[in-house]
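Q: If it helps, the file is called structure_14.cif and holds mmCIF, C-alpha atoms:
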```
data_entry
#
loop_
_atom_site.group_PDB
_atom_site.id
_atom_site.type_symbol
_atom_site.label_atom_id
_atom_site.label_comp_id
_atom_site.auth_asym_id
_atom_site.auth_seq_id
_atom_site.Cartn_x
_atom_site.Cartn_y
_atom_site.Cartn_z
ATOM 1 C CA MET K 1 93.175 49.541 90.195
ATOM 2 C CA SER K 2 89.964 51.382 90.952
ATOM 3 C CA ALA K 3 89.603 53.815 93.789
ATOM 4 C CA ALA K 4 87.636 52.720 96.809
ATOM 5 C CA PRO K 5 84.354 54.564 97.342
ATOM 6 C CA GLN K 6 84.789 57.507 99.642
ATOM 7 C CA ALA K 7 82.510 58.382 102.512
ATOM 8 C CA PRO K 8 80.560 61.606 102.086
ATOM 9 C CA VAL K 9 82.380 64.625 103.448
ATOM 10 C CA ALA K 10 80.521 66.538 106.124
ATOM 11 C CA GLY K 11 79.875 70.080 105.019
ATOM 12 C CA PRO K 12 78.311 73.231 106.360
ATOM 13 C CA ARG K 13 74.853 72.999 107.840
ATOM 14 C CA PRO K 14 72.189 75.701 107.954
ATOM 15 C CA VAL K 15 72.366 77.928 110.999
ATOM 16 C CA THR K 16 69.029 77.924 112.797
ATOM 17 C CA GLY K 17 67.624 79.177 116.063
ATOM 18 C CA ASP K 18 64.625 80.692 117.775
ATOM 19 C CA ASP K 19 65.778 84.306 117.423
ATOM 20 C CA PRO K 20 66.792 85.260 113.859
ATOM 21 C CA ARG K 21 68.587 88.321 115.251
ATOM 22 C CA GLN K 22 71.086 85.970 116.905
ATOM 23 C CA LEU K 23 71.780 83.666 113.931
ATOM 24 C CA PHE K 24 74.846 85.647 112.918
ATOM 25 C CA ALA K 25 76.593 84.886 116.205
ATOM 26 C CA ARG K 26 76.313 81.144 115.416
ATOM 27 C CA VAL K 27 77.823 81.256 111.898
ATOM 28 C CA PRO K 28 81.023 79.186 112.243
ATOM 29 C CA PHE K 29 83.057 81.178 109.693
ATOM 30 C CA CYS K 30 82.276 84.495 111.397
ATOM 31 C CA ALA K 31 83.225 82.947 114.737
ATOM 32 C CA LEU K 32 86.508 81.733 113.222
ATOM 33 C CA LEU K 33 87.301 85.317 112.191
ATOM 34 C CA GLN K 34 86.065 86.584 115.597
ATOM 35 C CA MET K 35 83.816 89.057 113.789
ATOM 36 C CA ARG K 36 81.442 91.137 115.915
ATOM 37 C CA ARG K 37 78.162 92.767 114.956
ATOM 38 C CA GLU K 38 78.097 96.180 116.606
ATOM 39 C CA HIS K 39 74.580 97.004 115.389
ATOM 40 C CA SER K 40 72.133 96.129 112.654
ATOM 41 C CA ALA K 41 68.808 97.927 112.265
ATOM 42 C CA GLY K 42 66.763 99.790 109.701
ATOM 43 C CA GLY K 43 68.927 98.874 106.709
ATOM 44 C CA ARG K 44 72.235 99.823 108.349
ATOM 45 C CA ALA K 45 74.847 97.654 110.042
ATOM 46 C CA ARG K 46 78.299 97.826 111.578
ATOM 47 C CA MET K 47 80.656 94.863 111.877
ATOM 48 C CA SER K 48 84.159 94.779 113.309
ATOM 49 C CA LEU K 49 87.103 92.473 113.877
ATOM 50 C CA ASP K 50 90.542 92.760 115.402
ATOM 51 C CA ALA K 51 93.674 92.152 113.344
ATOM 52 C CA ARG K 52 95.493 89.000 114.415
ATOM 53 C CA GLU K 53 98.602 87.351 113.035
ATOM 54 C CA GLU K 54 96.635 84.493 111.481
ATOM 55 C CA LEU K 55 94.516 86.991 109.492
ATOM 56 C CA GLY K 56 97.572 88.710 108.015
ATOM 57 C CA ASN K 57 99.050 88.936 104.551
ATOM 58 C CA VAL K 58 102.652 89.198 103.324
ATOM 59 C CA ILE K 59 102.928 92.945 104.168
ATOM 60 C CA GLY K 60 101.625 92.537 107.730
ATOM 61 C CA ALA K 61 98.148 93.927 107.082
ATOM 62 C CA VAL K 62 94.794 92.162 107.348
ATOM 63 C CA HIS K 63 94.377 89.883 104.316
ATOM 64 C CA GLY K 64 92.120 91.235 101.569
ATOM 65 C CA GLY K 65 89.916 88.135 101.736
ATOM 66 C CA VAL K 66 89.180 88.908 105.385
ATOM 67 C CA VAL K 67 88.406 92.549 104.547
ATOM 68 C CA SER K 68 86.077 91.416 101.737
ATOM 69 C CA THR K 69 84.326 89.027 104.102
ATOM 70 C CA LEU K 70 83.870 91.773 106.692
ATOM 71 C CA LEU K 71 82.296 94.053 104.063
ATOM 72 C CA ASP K 72 80.132 91.223 102.678
ATOM 73 C CA VAL K 73 78.764 90.242 106.091
ATOM 74 C CA ALA K 74 78.126 93.880 107.039
ATOM 75 C CA MET K 75 76.094 94.407 103.860
ATOM 76 C CA ALA K 76 74.144 91.169 104.365
ATOM 77 C CA SER K 77 73.438 92.223 107.945
ATOM 78 C CA ALA K 78 72.155 95.599 106.736
ATOM 79 C CA ALA K 79 69.991 93.788 104.184
ATOM 80 C CA VAL K 80 68.317 91.484 106.705
ATOM 81 C CA SER K 81 67.794 94.350 109.138
ATOM 82 C CA GLN K 82 65.838 96.123 106.366
ATOM 83 C CA VAL K 83 63.215 93.333 106.608
ATOM 84 C CA ASP K 84 63.435 93.115 110.422
ATOM 85 C CA PHE K 85 65.318 89.785 110.239
ATOM 86 C CA ALA K 86 62.269 87.995 108.781
ATOM 87 C CA ARG K 87 64.428 86.562 105.964
ATOM 88 C CA THR K 88 68.079 85.853 105.331
ATOM 89 C CA ALA K 89 70.184 87.179 102.459
ATOM 90 C CA VAL K 90 72.801 85.501 100.281
ATOM 91 C CA THR K 91 75.372 87.287 98.158
ATOM 92 C CA LEU K 92 74.729 87.490 94.416
ATOM 93 C CA ASN K 93 77.518 89.905 93.550
ATOM 94 C CA LEU K 94 80.319 91.566 95.510
ATOM 95 C CA SER K 95 82.771 94.170 94.264
ATOM 96 C CA THR K 96 85.531 95.413 96.551
ATOM 97 C CA SER K 97 88.068 98.193 95.968
ATOM 98 C CA PHE K 98 91.097 98.179 98.267
ATOM 99 C CA LEU K 99 92.551 101.576 99.141
ATOM 100 C CA GLU K 100 94.937 101.105 102.106
ATOM 101 C CA PRO K 101 96.398 98.206 104.084
ATOM 102 C CA GLY K 102 94.256 97.495 107.160
ATOM 103 C CA HIS K 103 95.811 97.454 110.630
ATOM 104 C CA GLY K 104 94.337 97.093 114.103
ATOM 105 C CA THR K 105 90.594 96.908 114.562
ATOM 106 C CA LEU K 106 88.717 97.042 111.268
ATOM 107 C CA THR K 107 85.159 98.339 111.135
ATOM 108 C CA ALA K 108 82.722 97.997 108.243
ATOM 109 C CA ASP K 109 79.699 100.272 107.980
ATOM 110 C CA ALA K 110 77.041 99.168 105.512
ATOM 111 C CA GLN K 111 73.703 100.403 104.288
ATOM 112 C CA VAL K 112 70.921 99.348 101.959
ATOM 113 C CA VAL K 113 70.805 101.453 98.795
ATOM 114 C CA ALA K 114 67.754 99.916 97.070
ATOM 115 C CA THR K 115 65.573 96.821 97.015
ATOM 116 C CA ASP K 116 62.888 95.343 94.812
ATOM 117 C CA GLY K 117 61.674 93.001 97.558
ATOM 118 C CA GLN K 118 63.628 89.993 96.267
ATOM 119 C CA VAL K 119 67.056 91.511 95.658
ATOM 120 C CA VAL K 120 68.704 94.183 97.780
ATOM 121 C CA TRP K 121 71.640 96.398 96.793
ATOM 122 C CA CYS K 122 74.049 97.616 99.465
ATOM 123 C CA ARG K 123 77.286 99.543 99.889
ATOM 124 C CA ALA K 124 79.883 99.502 102.638
ATOM 125 C CA VAL K 125 83.152 101.058 103.717
ATOM 126 C CA ALA K 126 85.839 99.503 105.939
ATOM 127 C CA THR K 127 88.087 101.660 108.087
ATOM 128 C CA ASP K 128 91.064 100.749 110.247
ATOM 129 C CA ALA K 129 92.038 101.706 113.794
ATOM 130 C CA GLY K 130 93.548 104.969 112.516
ATOM 131 C CA GLY K 131 90.314 105.966 110.745
ATOM 132 C CA ARG K 132 91.763 105.391 107.261
ATOM 133 C CA THR K 133 89.478 103.957 104.601
ATOM 134 C CA VAL K 134 90.804 100.474 103.875
ATOM 135 C CA ALA K 135 88.227 99.369 101.300
ATOM 136 C CA ARG K 136 84.846 100.128 99.771
ATOM 137 C CA ALA K 137 82.376 97.613 98.441
ATOM 138 C CA HIS K 138 78.989 97.282 96.856
ATOM 139 C CA GLY K 139 76.973 94.159 96.393
ATOM 140 C CA SER K 140 73.639 92.615 95.610
ATOM 141 C CA PHE K 141 71.924 90.040 97.805
ATOM 142 C CA ARG K 142 68.927 87.749 97.318
ATOM 143 C CA TYR K 143 66.432 87.416 100.129
ATOM 144 C CA LEU K 144 65.664 83.811 101.088
ATOM 145 C CA PRO K 145 63.427 82.271 103.759
ATOM 146 C CA LEU K 146 65.120 81.674 107.093
ATOM 147 C CA PRO K 147 66.454 78.118 107.475
ATOM 148 C CA ARG K 148 64.275 75.928 109.678
#
```
Go ahead and render the structure in this file as structure tokens.

A:
Amino acid sequence: MSAAPQAPVAGPRPVTGDDPRQLFARVPFCALLQMRREHSAGGRARMSLDAREELGNVIGAVHGGVVSTLLDVAMASAAVSQVDFARTAVTLNLSTSFLEPGHGTLTADAQVVATDGQVVWCRAVATDAGGRTVARAHGSFRYLPLPR
């Protein structure tokens, strides 16, 4: 018995809009996590999110995948702010070191370290509501044209 052909599965679509500074707010995954951009300018960015039960892990802290995502998005936001939001950036490499369990509001501060115009290297640190360093990350990102 052969399997019946399956209909194509709908997948993610590019996020577009008139103001590239506001594209982040329309990214469905960031909205799902309720992530907030506090600022992003001049190669620096700050992102935050509040711990919620559905973002937790087995020890009652924010799941490491959520922390990694927060750091990743903060670094990408710093990267695009370096080029005044004229392009977008996609992750090429991400390395995260976890230091403490994260509780309460988590904040990630990121900055551009270097760029060659096509690739940008960034670093970031995530802290929790008590000011403890939860994780550190560094990553590389490729600049791409904005989706139209």

Q: Of the residues K:Leu70, K:Ile59, K:Met75, K:Ala51, which is the one nearest to Cys30 of chain K, using all atoms listed in the file?

A: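 Between K:Leu70, K:Ile59, K:Met75, K:Ala51, the residue approaching Cys30 of chain K most closely is K:Leu70.
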
Q: Take the PyMOL selection byres ((chain K and resi 89) around 8), run it mentally on this structure, and tell me the resulting residues as a list in words.

A: Ala76, Ala79, Val80, Arg87, Thr88, Val90, Thr91, Phe141, Arg142, Tyr143 and Leu144 of chain K

Q: Need the neighbours of (71.9, 100.3, 95.0): which residues are at most 8 Å away, counting all atoms listed in the file, as a list in words?

A: Val112, Val113, Ala114, Thr115, Val120, Trp121, Cys122, Arg123, His138 and Ser140 of chain K

Q: Find the residues around Ser40 of chain K up to 7 Å (only C-alpha atoms counted), leave out those fewer than 6 positions away in its own chain, and share them as a PyMOL selection string.

A: chain K and resi 46+77-78+81

Q: Find the residue from K:Val119, K:Leu49, K:Ala74, K:Met35 that sits nearest to Val62 of chain K; use only C-alpha atoms when measuring.

A: K:Leu49

Q: Starting from the displayed file, determine the output of the PyMOL selection byres ((chain K and resi 94-104) around 8) and express the residue list as an mmCIF file with C-alpha atoms, keeping the file's coordinate frame.

A:
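Result file out-v5.cif:
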```
data_model
loop_
_atom_site.group_PDB
_atom_site.id
_atom_site.type_symbol
_atom_site.label_atom_id
_atom_site.label_comp_id
_atom_site.auth_asym_id
_atom_site.auth_seq_id
_atom_site.Cartn_x
_atom_site.Cartn_y
_atom_site.Cartn_z
ATOM 1 C CA ASP K 50 90.542 92.760 115.402
ATOM 2 C CA ALA K 51 93.674 92.152 113.344
ATOM 3 C CA ALA K 61 98.148 93.927 107.082
ATOM 4 C CA VAL K 62 94.794 92.162 107.348
ATOM 5 C CA GLY K 64 92.120 91.235 101.569
ATOM 6 C CA SER K 68 86.077 91.416 101.737
ATOM 7 C CA ASP K 72 80.132 91.223 102.678
ATOM 8 C CA THR K 91 75.372 87.287 98.158
ATOM 9 C CA LEU K 92 74.729 87.490 94.416
ATOM 10 C CA ASN K 93 77.518 89.905 93.550
ATOM 11 C CA THR K 105 90.594 96.908 114.562
ATOM 12 C CA LEU K 106 88.717 97.042 111.268
ATOM 13 C CA THR K 127 88.087 101.660 108.087
ATOM 14 C CA ASP K 128 91.064 100.749 110.247
ATOM 15 C CA ALA K 129 92.038 101.706 113.794
ATOM 16 C CA ARG K 132 91.763 105.391 107.261
ATOM 17 C CA THR K 133 89.478 103.957 104.601
ATOM 18 C CA VAL K 134 90.804 100.474 103.875
ATOM 19 C CA ALA K 135 88.227 99.369 101.300
ATOM 20 C CA ARG K 136 84.846 100.128 99.771
ATOM 21 C CA ALA K 137 82.376 97.613 98.441
ATOM 22 C CA HIS K 138 78.989 97.282 96.856
ATOM 23 C CA GLY K 139 76.973 94.159 96.393
ATOM 24 C CA SER K 140 73.639 92.615 95.610
#
```

Q: Taking 3 positions as the minimum chain separation for residues in the same chain, which residues sit within 12 Å of Leu32 of chain K when counting only C-alpha atoms? Answer as number ranges by chain.

A: K: 25-29, 35-36, 49-50, 52, 54-55, 66, 69

Q: Restricting it to C-alpha atoms, dump the selection as a short mmCIF file (atom, residue, chain, number, x, y, z; two decimals), in the frame of the given file.

A:
```
data_model
loop_
_atom_site.label_atom_id
_atom_site.label_comp_id
_atom_site.auth_asym_id
_atom_site.auth_seq_id
_atom_site.Cartn_x
_atom_site.Cartn_y
_atom_site.Cartn_z
CA ALA K 25 76.59 84.89 116.20
CA ARG K 26 76.31 81.14 115.42
CA VAL K 27 77.82 81.26 111.90
CA PRO K 28 81.02 79.19 112.24
CA PHE K 29 83.06 81.18 109.69
CA MET K 35 83.82 89.06 113.79
CA ARG K 36 81.44 91.14 115.92
CA LEU K 49 87.10 92.47 113.88
CA ASP K 50 90.54 92.76 115.40
CA ARG K 52 95.49 89.00 114.42
CA GLU K 54 96.64 84.49 111.48
CA LEU K 55 94.52 86.99 109.49
CA VAL K 66 89.18 88.91 105.38
CA THR K 69 84.33 89.03 104.10
#
```

Q: Between atom CA of Gly43 of chain K and atom CA of Ala110 of chain K, what is the distance, to one decimal in Å?

A: 8.2 Å

Q: Could you work out an axis-aligned box for segment 83-89 of chain K, taking every atom the file lists and adding 6 Å on each side, and report centre and edge lengths in Å to one decimal, as JSON?

A:
```
{"center_x": 66.2, "center_y": 89.6, "center_z": 106.4, "size_x": 19.9, "size_y": 19.5, "size_z": 20.0}
```

Q: Taking 5 positions as the minimum chain separation for residues in the same chain, which residues sit within 6 Å of Thr107 of chain K when counting all atoms listed in the file? Answer as number ranges by chain.

A: K: 47-48, 126-127

Q: For those residues, write C-alpha atoms to a file as an mmCIF file, in the frame of the given file.

A:
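Output file out.cif follows:
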```cif
data_model
loop_
_atom_site.group_PDB
_atom_site.id
_atom_site.type_symbol
_atom_site.label_atom_id
_atom_site.label_comp_id
_atom_site.auth_asym_id
_atom_site.auth_seq_id
_atom_site.Cartn_x
_atom_site.Cartn_y
_atom_site.Cartn_z
ATOM 1 C CA MET K 47 80.656 94.863 111.877
ATOM 2 C CA SER K 48 84.159 94.779 113.309
ATOM 3 C CA ALA K 126 85.839 99.503 105.939
ATOM 4 C CA THR K 127 88.087 101.660 108.087
#
```

Q: Counting only C-alpha atoms, which of K:Ala31, K:Ala45, K:Val73, K:Val58 gets nearest to Asp109 of chain K?

A: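 Comparing K:Ala31, K:Ala45, K:Val73, K:Val58 against Asp109 of chain K, the winner is K:Ala45.
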
Q: Would you fill out segment 119-130 of chain K with all heavy atoms and return it as a PDB file, in the frame of the given file?

A:
```
ATOM      1  N   VAL K 119      65.629  91.209  95.701  1.00  0.00           N
ATOM      2  CA  VAL K 119      67.056  91.511  95.658  1.00  0.00           C
ATOM      3  C   VAL K 119      67.261  92.844  96.356  1.00  0.00           C
ATOM      4  O   VAL K 119      66.442  93.756  96.242  1.00  0.00           O
ATOM      5  CB  VAL K 119      67.567  91.573  94.198  1.00  0.00           C
ATOM      6  CG1 VAL K 119      69.031  91.999  94.143  1.00  0.00           C
ATOM      7  CG2 VAL K 119      67.394  90.218  93.517  1.00  0.00           C
ATOM      8  N   VAL K 120      68.379  92.947  97.069  1.00  0.00           N
ATOM      9  CA  VAL K 120      68.704  94.183  97.780  1.00  0.00           C
ATOM     10  C   VAL K 120      70.132  94.582  97.412  1.00  0.00           C
ATOM     11  O   VAL K 120      71.008  93.723  97.311  1.00  0.00           O
ATOM     12  CB  VAL K 120      68.495  94.014  99.309  1.00  0.00           C
ATOM     13  CG1 VAL K 120      69.322  92.893  99.873  1.00  0.00           C
ATOM     14  CG2 VAL K 120      68.752  95.301 100.070  1.00  0.00           C
ATOM     15  N   TRP K 121      70.329  95.868  97.156  1.00  0.00           N
ATOM     16  CA  TRP K 121      71.640  96.398  96.793  1.00  0.00           C
ATOM     17  C   TRP K 121      72.167  97.202  97.966  1.00  0.00           C
ATOM     18  O   TRP K 121      71.450  98.008  98.561  1.00  0.00           O
ATOM     19  CB  TRP K 121      71.535  97.274  95.546  1.00  0.00           C
ATOM     20  CG  TRP K 121      71.192  96.476  94.333  1.00  0.00           C
ATOM     21  CD1 TRP K 121      72.067  95.924  93.443  1.00  0.00           C
ATOM     22  CD2 TRP K 121      69.886  96.119  93.874  1.00  0.00           C
ATOM     23  NE1 TRP K 121      71.379  95.247  92.464  1.00  0.00           N
ATOM     24  CE2 TRP K 121      70.043  95.349  92.702  1.00  0.00           C
ATOM     25  CE3 TRP K 121      68.587  96.362  94.342  1.00  0.00           C
ATOM     26  CZ2 TRP K 121      68.966  94.834  91.990  1.00  0.00           C
ATOM     27  CZ3 TRP K 121      67.508  95.836  93.639  1.00  0.00           C
ATOM     28  CH2 TRP K 121      67.709  95.087  92.477  1.00  0.00           C
ATOM     29  N   CYS K 122      73.440  96.985  98.292  1.00  0.00           N
ATOM     30  CA  CYS K 122      74.049  97.616  99.465  1.00  0.00           C
ATOM     31  C   CYS K 122      75.419  98.176  99.110  1.00  0.00           C
ATOM     32  O   CYS K 122      76.023  97.796  98.112  1.00  0.00           O
ATOM     33  CB  CYS K 122      74.231  96.594 100.587  1.00  0.00           C
ATOM     34  SG  CYS K 122      72.709  95.819 101.157  1.00  0.00           S
ATOM     35  N   ARG K 123      75.904  99.053  99.989  1.00  0.00           N
ATOM     36  CA  ARG K 123      77.286  99.543  99.889  1.00  0.00           C
ATOM     37  C   ARG K 123      77.866  99.559 101.293  1.00  0.00           C
ATOM     38  O   ARG K 123      77.133  99.603 102.287  1.00  0.00           O
ATOM     39  CB  ARG K 123      77.341 100.913  99.233  1.00  0.00           C
ATOM     40  CG  ARG K 123      76.711 102.005 100.042  1.00  0.00           C
ATOM     41  CD  ARG K 123      76.839 103.346  99.331  1.00  0.00           C
ATOM     42  NE  ARG K 123      76.017 104.320 100.024  1.00  0.00           N
ATOM     43  CZ  ARG K 123      75.287 105.243  99.431  1.00  0.00           C
ATOM     44  NH1 ARG K 123      75.282 105.337  98.112  1.00  0.00           N
ATOM     45  NH2 ARG K 123      74.585 106.089 100.130  1.00  0.00           N
ATOM     46  N   ALA K 124      79.210  99.530 101.338  1.00  0.00           N
ATOM     47  CA  ALA K 124      79.883  99.502 102.638  1.00  0.00           C
ATOM     48  C   ALA K 124      81.276 100.099 102.514  1.00  0.00           C
ATOM     49  O   ALA K 124      81.856 100.139 101.430  1.00  0.00           O
ATOM     50  CB  ALA K 124      79.980  98.066 103.153  1.00  0.00           C
ATOM     51  N   VAL K 125      81.786 100.550 103.643  1.00  0.00           N
ATOM     52  CA  VAL K 125      83.152 101.058 103.717  1.00  0.00           C
ATOM     53  C   VAL K 125      83.811 100.453 104.956  1.00  0.00           C
ATOM     54  O   VAL K 125      83.176 100.336 106.005  1.00  0.00           O
ATOM     55  CB  VAL K 125      83.184 102.606 103.757  1.00  0.00           C
ATOM     56  CG1 VAL K 125      82.451 103.163 104.966  1.00  0.00           C
ATOM     57  CG2 VAL K 125      84.597 103.126 103.699  1.00  0.00           C
ATOM     58  N   ALA K 126      85.067 100.041 104.818  1.00  0.00           N
ATOM     59  CA  ALA K 126      85.839  99.503 105.939  1.00  0.00           C
ATOM     60  C   ALA K 126      86.926 100.495 106.306  1.00  0.00           C
ATOM     61  O   ALA K 126      87.643 100.993 105.433  1.00  0.00           O
ATOM     62  CB  ALA K 126      86.462  98.162 105.571  1.00  0.00           C
ATOM     63  N   THR K 127      87.042 100.771 107.590  1.00  0.00           N
ATOM     64  CA  THR K 127      88.087 101.660 108.087  1.00  0.00           C
ATOM     65  C   THR K 127      88.944 100.902 109.097  1.00  0.00           C
ATOM     66  O   THR K 127      88.504  99.920 109.691  1.00  0.00           O
ATOM     67  CB  THR K 127      87.482 102.915 108.745  1.00  0.00           C
ATOM     68  OG1 THR K 127      86.560 102.516 109.767  1.00  0.00           O
ATOM     69  CG2 THR K 127      86.761 103.780 107.722  1.00  0.00           C
ATOM     70  N   ASP K 128      90.172 101.400 109.290  1.00  0.00           N
ATOM     71  CA  ASP K 128      91.064 100.749 110.247  1.00  0.00           C
ATOM     72  C   ASP K 128      91.099 101.541 111.551  1.00  0.00           C
ATOM     73  O   ASP K 128      90.400 102.541 111.710  1.00  0.00           O
ATOM     74  CB  ASP K 128      92.449 100.521 109.654  1.00  0.00           C
ATOM     75  CG  ASP K 128      93.253 101.791 109.453  1.00  0.00           C
ATOM     76  OD1 ASP K 128      92.821 102.892 109.864  1.00  0.00           O
ATOM     77  OD2 ASP K 128      94.354 101.676 108.880  1.00  0.00           O
ATOM     78  N   ALA K 129      91.951 101.094 112.469  1.00  0.00           N
ATOM     79  CA  ALA K 129      92.038 101.706 113.794  1.00  0.00           C
ATOM     80  C   ALA K 129      92.429 103.175 113.730  1.00  0.00           C
ATOM     81  O   ALA K 129      92.071 103.953 114.607  1.00  0.00           O
ATOM     82  CB  ALA K 129      93.026 100.929 114.652  1.00  0.00           C
ATOM     83  N   GLY K 130      93.152 103.577 112.682  1.00  0.00           N
ATOM     84  CA  GLY K 130      93.548 104.969 112.516  1.00  0.00           C
ATOM     85  C   GLY K 130      92.517 105.822 111.792  1.00  0.00           C
ATOM     86  O   GLY K 130      92.757 106.992 111.534  1.00  0.00           O
TER      87      GLY K 130
END
```
